Amino acid sequence: MKRTTGAMAVLAAAALTLSACGGGGDETTSAAGGAEGQAPDQSERCTEDLAGGTITVGEFSMLPSFAPGQGQYGVRGGAQSAAVYDRLMVWNPEAEEFEPKLAESLEANDDNTVWTLKLRDGVTFSNGDPLTAEDVVFTVGLHQDPANRSVAMTEAMQISDVRAVDPLTAEFTLSDPWAGFPVTLAGTVGEVFPKNAYEAADPQEWSRNPIGAGAFTVGEYIPDQRTVLEPNPDYYGGPVCPTLEFIRIPGSQGTYDAFQTGEVQVGFLRGAKFVTMAQNDGVRGFEEIISSGSVLNMNSGKAGYDGILTDERARQAVAAAIDRDLWNQRLYDGEGQPTSALVADSSRLYDGQEGPAYDVEKAKSLVAELKADRPDWNGELRMLISDGPENVEAGVIAKAMLDAAGFNVVIDNAPVSQVTARQFTGDYEIVIGGLATTDADPAAAFASGMLPGGATNLSGIDDPELTAAVTELKAAGDLDAQKAALTRLQEVFNEVQPFTVIANAEQYVAVADTVGGVTPTLSSTVLYDGAFVRE
């Protein structure tokens with residue numbers, strides 16, 4: 001048997017991450033938990049004499065609900081979910097390895113098909129029920145149930161069987177070898193639901209007022225506006241100091257303004273312009289550079305869509321029409337990372353892979369060809385854009401580029417929560433978004449985003465060659481094999497184009513000097529169980 005931390009220290013290094021909205025990034029800083037010299041001090045934690053105070057957090061997008069599988073990503077309220085439920089494992093970006101949290105240990109057999117999880121003894125949920133292996137088994141089932149629409153359903157479905165060996169031991173059997181499996185338990189699948197309490201509750205009530213094993217309980221929940229979390233006095237990890245207040249502030253500019261005035265003490269910033277602004281101002285924070293962080297998602301048939309983008313030529317035309325360098329200049333003053341490749345050149349998996357080139361003449365030719373084949377189509381594309389100021393501007397720029405190639409783009413603005421929901425239900429034609437993978441295991445995110453039935457397959461793409469290429473990457477056992485598999489995936493992706501990459505993205509969780517004990521984990525999610533307010 002082998003410990004997971006050793007296995008993952010070898011695997012861990014390709015920077016990739018999903019989100020509701022796209023943005024650019026600055027490659028000069030570290031993706032492993034903060035800019036050089038600007039990461040907050042994590043050496044101190046809450047103690048009883050530091051109890052009290054409130055930390056107000058400006059969110060990019062609020063947690064949709066506390067239902068199963070909604071809090072995977074920091075950009076989508078992951079910190080709120082993790083604060084209430086806690087997680088079995090956590091990713092330590094500085095050490096580049098997974099560490100137990102609710103778990104005591106996680107070990108794999110020789111071929112990484114069977115994983116054994118030992119739970120901490122004495123952990124209880126906020127209602128007093130003990131945390132058991134049966135709860136872990138039950139939680140996996142919740143994520144595997146399509147009715148729950150868990151964003152981690154694809155990862156959960158890789159578990160062919162899970163059983164409780166004893167009250168504190170769960171055994172996972174996987175459908176295929178997967179050395180990156182701990183990423184599943186370090187995400188929202190690792191947020192354990194108490195079986196008895198959940199089955200006895202009304203699902204709608206639970207989504208607003210859940211029971212978890214985390215450091216906080218829900219004091220107030222106003223969807224898409226405000227969430228107040230209060231300290232859990234029985235938290236297994238020791239004293240919990242502050243009350244947490246999460247509020248929605250549209251756009252990173254508004255969030256940073258609120259951070260500067262002290263309205264919020266922690267702020268989620270997305271986009272090179274705002275990250276650079278914060279770093280130049282000496283603001284401490286946790287940074288993550290995200291490959292494929294800014295994309296145009298194109299509906300390829302999701303939810304019965306049968307429009308022009310089901311034709312591969314239309315998607316190729318969109319990809320060829322986007323001048324990524326011009327996009328970078330107009331949106332980010334040239335400070336971002338424009339690219340059409342799936343992974344950033346800073347990724348360990350990068351081996352010279354290239355995405356489709358900007359070629360407006362090719363785009364015009366393809367659009368003209370489509371119009372000739374479909375006389376009833378006048379070039380119209382309906383572009384869904386969220387209401388944040390940066391995304392409105394991005395939509396205008398994208399429209400101009402696509403219109404120049406012969407498309408006729410009609411923009412549909414909506415609140416970011418609606419845009420996120422509509423992407424997942426297929427209620428869109430083309431939309432600015434972003435892929436969210438993680439340093440810890442990029443293959444899992446590609447599988448989720450490109451395989452048929454994948455939880456984050458927002459396009460509805462179902463292409464056999466693309467499926468085979470993603471599967472090959474997931475099965476690759478060493479770095480050279482992973483690079484070769486990614487090269488093949490890029491080649492197939494360039495033809496199929498379920499989405500087109502515009503840029504890498506950058507996310508920054510800004511933390512005021514008055515806040516201590518905050519720690520980063522997967523996908524720009526931060527943990528507050530050790531947080532406290534400084535004098």
# chains A, B, ... in the order shown; residues from 1 in each chain; ligands from 1
>>> residues_around(residues="Gly69 in chain A", least_positions_apart="3", cutoff="12 Å", atoms="only C-alpha atoms", output="number ranges by chain")
A: 63-66, 72-73, 76-78, 81-82, 85, 139-156, 184-185, 187-193, 207, 455-456
>>> write_last_selection(atoms="N, CA and C atoms", output="short mmCIF file (atom, residue, chain, number, x, y, z; two decimals), in the first residue's frame")
data_model
loop_
_atom_site.label_atom_id
_atom_site.label_comp_id
_atom_site.auth_asym_id
_atom_site.auth_seq_id
_atom_site.Cartn_x
_atom_site.Cartn_y
_atom_site.Cartn_z
N LEU A 63 -22.43 30.86 -3.95
CA LEU A 63 -22.77 29.44 -3.99
C LEU A 63 -24.25 29.31 -4.38
N PRO A 64 -24.57 28.52 -5.43
CA PRO A 64 -25.97 28.41 -5.86
C PRO A 64 -26.89 27.87 -4.77
N SER A 65 -26.40 26.88 -4.02
CA SER A 65 -27.14 26.33 -2.88
C SER A 65 -26.22 25.36 -2.17
N PHE A 66 -26.68 24.86 -1.00
CA PHE A 66 -25.90 23.87 -0.25
C PHE A 66 -26.31 22.44 -0.61
N GLN A 72 -17.80 23.21 -5.83
CA GLN A 72 -16.49 22.71 -6.25
C GLN A 72 -15.45 23.82 -6.41
N TYR A 73 -15.84 24.99 -6.88
CA TYR A 73 -14.89 26.00 -7.33
C TYR A 73 -14.99 27.28 -6.51
N ARG A 76 -17.16 30.00 -7.73
CA ARG A 76 -18.60 29.71 -7.66
C ARG A 76 -19.02 29.39 -6.23
N GLY A 77 -18.39 30.03 -5.25
CA GLY A 77 -18.82 29.89 -3.87
C GLY A 77 -18.29 28.68 -3.13
N GLY A 78 -17.19 28.09 -3.64
CA GLY A 78 -16.66 26.89 -3.01
C GLY A 78 -16.26 27.07 -1.56
N SER A 81 -19.27 26.44 0.79
CA SER A 81 -19.60 25.03 0.93
C SER A 81 -18.59 24.30 1.80
N ALA A 82 -17.29 24.54 1.54
CA ALA A 82 -16.24 23.87 2.31
C ALA A 82 -16.27 24.28 3.78
N TYR A 85 -19.29 22.08 5.24
CA TYR A 85 -19.17 20.62 5.17
C TYR A 85 -17.78 20.09 5.54
N THR A 139 -22.77 9.78 0.46
CA THR A 139 -22.40 11.01 -0.24
C THR A 139 -21.98 10.73 -1.68
N VAL A 140 -21.21 9.69 -1.89
CA VAL A 140 -20.81 9.33 -3.25
C VAL A 140 -22.05 9.07 -4.11
N GLY A 141 -23.02 8.38 -3.55
CA GLY A 141 -24.26 8.12 -4.27
C GLY A 141 -25.00 9.39 -4.66
N LEU A 142 -24.98 10.40 -3.79
CA LEU A 142 -25.62 11.67 -4.11
C LEU A 142 -24.98 12.31 -5.34
N HIS A 143 -23.66 12.24 -5.42
CA HIS A 143 -22.96 12.84 -6.56
C HIS A 143 -23.15 12.03 -7.84
N GLN A 144 -23.37 10.75 -7.71
CA GLN A 144 -23.58 9.91 -8.89
C GLN A 144 -25.00 10.01 -9.44
N ASP A 145 -25.92 10.53 -8.66
CA ASP A 145 -27.31 10.65 -9.08
C ASP A 145 -27.47 11.87 -10.00
N PRO A 146 -27.80 11.65 -11.29
CA PRO A 146 -27.93 12.79 -12.22
C PRO A 146 -28.94 13.83 -11.78
N ALA A 147 -29.94 13.41 -10.99
CA ALA A 147 -30.97 14.36 -10.56
C ALA A 147 -30.40 15.47 -9.69
N ASN A 148 -29.26 15.22 -9.04
CA ASN A 148 -28.66 16.23 -8.16
C ASN A 148 -27.79 17.24 -8.92
N ARG A 149 -27.47 16.94 -10.17
CA ARG A 149 -26.68 17.85 -11.01
C ARG A 149 -25.40 18.30 -10.32
N SER A 150 -24.72 17.37 -9.71
CA SER A 150 -23.44 17.67 -9.08
C SER A 150 -22.41 18.01 -10.13
N VAL A 151 -21.63 19.09 -9.89
CA VAL A 151 -20.58 19.43 -10.83
C VAL A 151 -19.45 18.40 -10.81
N ALA A 152 -19.45 17.52 -9.81
CA ALA A 152 -18.42 16.48 -9.69
C ALA A 152 -18.96 15.10 -10.08
N MET A 153 -20.08 15.06 -10.78
CA MET A 153 -20.68 13.77 -11.12
C MET A 153 -19.73 12.90 -11.95
N THR A 154 -19.01 13.50 -12.90
CA THR A 154 -18.11 12.71 -13.74
C THR A 154 -17.06 12.00 -12.90
N GLU A 155 -16.43 12.75 -11.97
CA GLU A 155 -15.43 12.13 -11.10
C GLU A 155 -16.06 11.04 -10.24
N ALA A 156 -17.25 11.30 -9.70
CA ALA A 156 -17.91 10.32 -8.84
C ALA A 156 -18.26 9.05 -9.61
N THR A 184 -10.75 13.88 -6.23
CA THR A 184 -12.19 13.76 -6.04
C THR A 184 -12.58 14.02 -4.59
N LEU A 185 -11.82 13.47 -3.67
CA LEU A 185 -12.14 13.62 -2.24
C LEU A 185 -11.64 14.94 -1.67
N GLY A 187 -12.27 17.66 -3.38
CA GLY A 187 -13.27 18.58 -3.90
C GLY A 187 -14.60 18.36 -3.23
N THR A 188 -15.66 18.66 -3.96
CA THR A 188 -16.97 18.64 -3.33
C THR A 188 -17.46 17.24 -2.99
N VAL A 189 -16.94 16.19 -3.63
CA VAL A 189 -17.30 14.82 -3.24
C VAL A 189 -16.79 14.52 -1.84
N GLY A 190 -15.75 15.22 -1.42
CA GLY A 190 -15.22 15.05 -0.07
C GLY A 190 -15.97 15.82 1.00
N GLU A 191 -17.04 16.53 0.61
CA GLU A 191 -17.89 17.23 1.57
C GLU A 191 -19.01 16.27 1.98
N VAL A 192 -18.83 15.63 3.12
CA VAL A 192 -19.67 14.49 3.50
C VAL A 192 -21.04 14.95 4.04
N PHE A 193 -22.09 14.28 3.56
CA PHE A 193 -23.45 14.53 4.02
C PHE A 193 -23.86 13.47 5.04
N SER A 207 -31.09 22.75 1.21
CA SER A 207 -30.25 23.56 0.33
C SER A 207 -29.99 24.95 0.90
N ALA A 455 -20.03 16.15 -16.26
CA ALA A 455 -20.78 17.11 -15.44
C ALA A 455 -20.57 18.54 -15.89
N THR A 456 -19.41 18.85 -16.44
CA THR A 456 -19.14 20.21 -16.92
C THR A 456 -19.00 20.25 -18.44
#
>>> select_by_dssp(residues="range 313-445 of chain A", states="helix (DSSP H, G or I)", output="ChimeraX atom specification")
/A:313-321,324-332,360-373,389-404,416-425,442-445
>>> closest_residue(among="A:Pro239, A:Pro130, A:Pro231, A:Gly388", to="Gln253 in chain A", atoms="only C-alpha atoms")
A:Gly388
>>> residues_around(residues="Thr500 in chain A", least_positions_apart="4", cutoff="6 Å", atoms="only C-alpha atoms", output="JSON, numbers by chain")
{"A": [295, 296, 319]}
>>> residues_around(residues="Thr227 in chain A", least_positions_apart="6", cutoff="6 Å", atoms="only C-alpha atoms", output="list in words")
Glu220, Tyr221, Glu245 and Phe246 of chain A
>>> write_last_selection(atoms="C-alpha atoms", output="JSON list (two decimals), in the first residue's frame")
[["chain", "number", "residue", "atom", "x", "y", "z"],
["A", 220, "GLU", "CA", -28.50, 33.32, 7.18],
["A", 221, "TYR", "CA", -28.80, 32.46, 3.49],
["A", 245, "GLU", "CA", -20.27, 37.06, 5.83],
["A", 246, "PHE", "CA", -20.22, 36.38, 2.08]]
>>> select_by_dssp(residues="range 165-331 of chain A", states="strand (DSSP E or B)", output="VMD selection string")
chain A and resid 165 to 166 169 to 174 216 to 222 226 to 231 243 to 248 266 to 270 285 to 298
>>> closest_residue(among="A:Val511, A:Ala108, A:Ile411, A:Thr521", to="Gln279 in chain A", atoms="only C-alpha atoms")
A:Val511
>>> atom_distance(atom1="CA of Pro464 in chain A", atom2="CA of Phe493 in chain A")
11.5 Å
>>> atom_distance(atom1="CA of Gly334 in chain A", atom2="CA of Thr437 in chain A")
24.5 Å
>>> residues_around(residues="Asn196 in chain A", least_positions_apart="4", cutoff="9 Å", atoms="only C-alpha atoms", output="list in words")
Asp129, Asp135, Ala200 and Ala201 of chain A
>>> write_last_selection(atoms="N, CA, C and O atoms", output="tab-separated table (two decimals), in the first residue's frame")
chain	number	residue	atom	x	y	z
A	129	ASP	N	-24.54	14.02	15.30
A	129	ASP	CA	-24.37	12.66	14.77
A	129	ASP	C	-22.91	12.41	14.44
A	129	ASP	O	-22.21	13.31	13.94
A	135	ASP	N	-21.79	7.33	5.87
A	135	ASP	CA	-22.06	8.68	5.37
A	135	ASP	C	-21.25	8.96	4.11
A	135	ASP	O	-21.72	9.61	3.17
A	200	ALA	N	-33.99	12.49	6.17
A	200	ALA	CA	-35.16	12.93	6.93
A	200	ALA	C	-35.56	14.37	6.62
A	200	ALA	O	-36.62	14.83	7.04
A	201	ALA	N	-34.72	15.08	5.85
A	201	ALA	CA	-34.95	16.52	5.62
A	201	ALA	C	-35.67	16.76	4.30
A	201	ALA	O	-35.67	15.92	3.39
>>> residues_around(residues="Lys118 in chain A", least_positions_apart="4", cutoff="10 Å", atoms="only C-alpha atoms", output="PyMOL selection string")
chain A and resi 88+100+102-107+132-133+165-171
>>> residues_around(residues="Gln490 in chain A", least_positions_apart="6", cutoff="7 Å", atoms="only C-alpha atoms", output="short mmCIF file (atom, residue, chain, number, x, y, z; two decimals) with all heavy atoms, in the first residue's frame")
data_model
loop_
_atom_site.label_atom_id
_atom_site.label_comp_id
_atom_site.auth_asym_id
_atom_site.auth_seq_id
_atom_site.Cartn_x
_atom_site.Cartn_y
_atom_site.Cartn_z
N LEU A 342 -4.80 24.49 -25.13
CA LEU A 342 -5.50 24.01 -23.94
C LEU A 342 -4.72 24.26 -22.67
O LEU A 342 -5.31 24.49 -21.62
CB LEU A 342 -5.79 22.50 -24.09
CG LEU A 342 -6.91 22.11 -25.04
CD1 LEU A 342 -6.91 20.61 -25.28
CD2 LEU A 342 -8.26 22.57 -24.50
N GLN A 353 2.38 22.36 -27.75
CA GLN A 353 1.06 22.22 -28.35
C GLN A 353 0.50 23.59 -28.72
O GLN A 353 0.66 24.56 -27.98
CB GLN A 353 0.09 21.53 -27.37
CG GLN A 353 0.47 20.12 -26.98
CD GLN A 353 1.29 20.05 -25.70
OE1 GLN A 353 1.78 21.07 -25.23
NE2 GLN A 353 1.44 18.87 -25.15
N GLY A 355 -3.01 25.71 -30.39
CA GLY A 355 -4.40 25.71 -30.79
C GLY A 355 -4.56 26.33 -32.16
O GLY A 355 -3.58 26.65 -32.84
#
>>> closest_residue(among="A:Asp110, A:Glu380, A:Asp529, A:Asp480", to="Ala215 in chain A", atoms="only C-alpha atoms")
A:Asp529
>>> closest_residue(among="A:Leu119, A:Val266, A:Ala444, A:Ala67", to="Trp206 in chain A", atoms="only C-alpha atoms")
A:Ala67
>>> closest_residue(among="A:Ala164, A:Leu466, A:Val136, A:Ala512", to="Gly282 in chain A", atoms="only C-alpha atoms")
A:Ala512
>>> closest_residue(among="A:Thr420, A:Ser292, A:Ser160, A:Asn112", to="Thr339 in chain A", atoms="only C-alpha atoms")
A:Ser292
>>> atom_distance(atom1="CA of Val367 in chain A", atom2="CA of Val409 in chain A")
12.8 Å
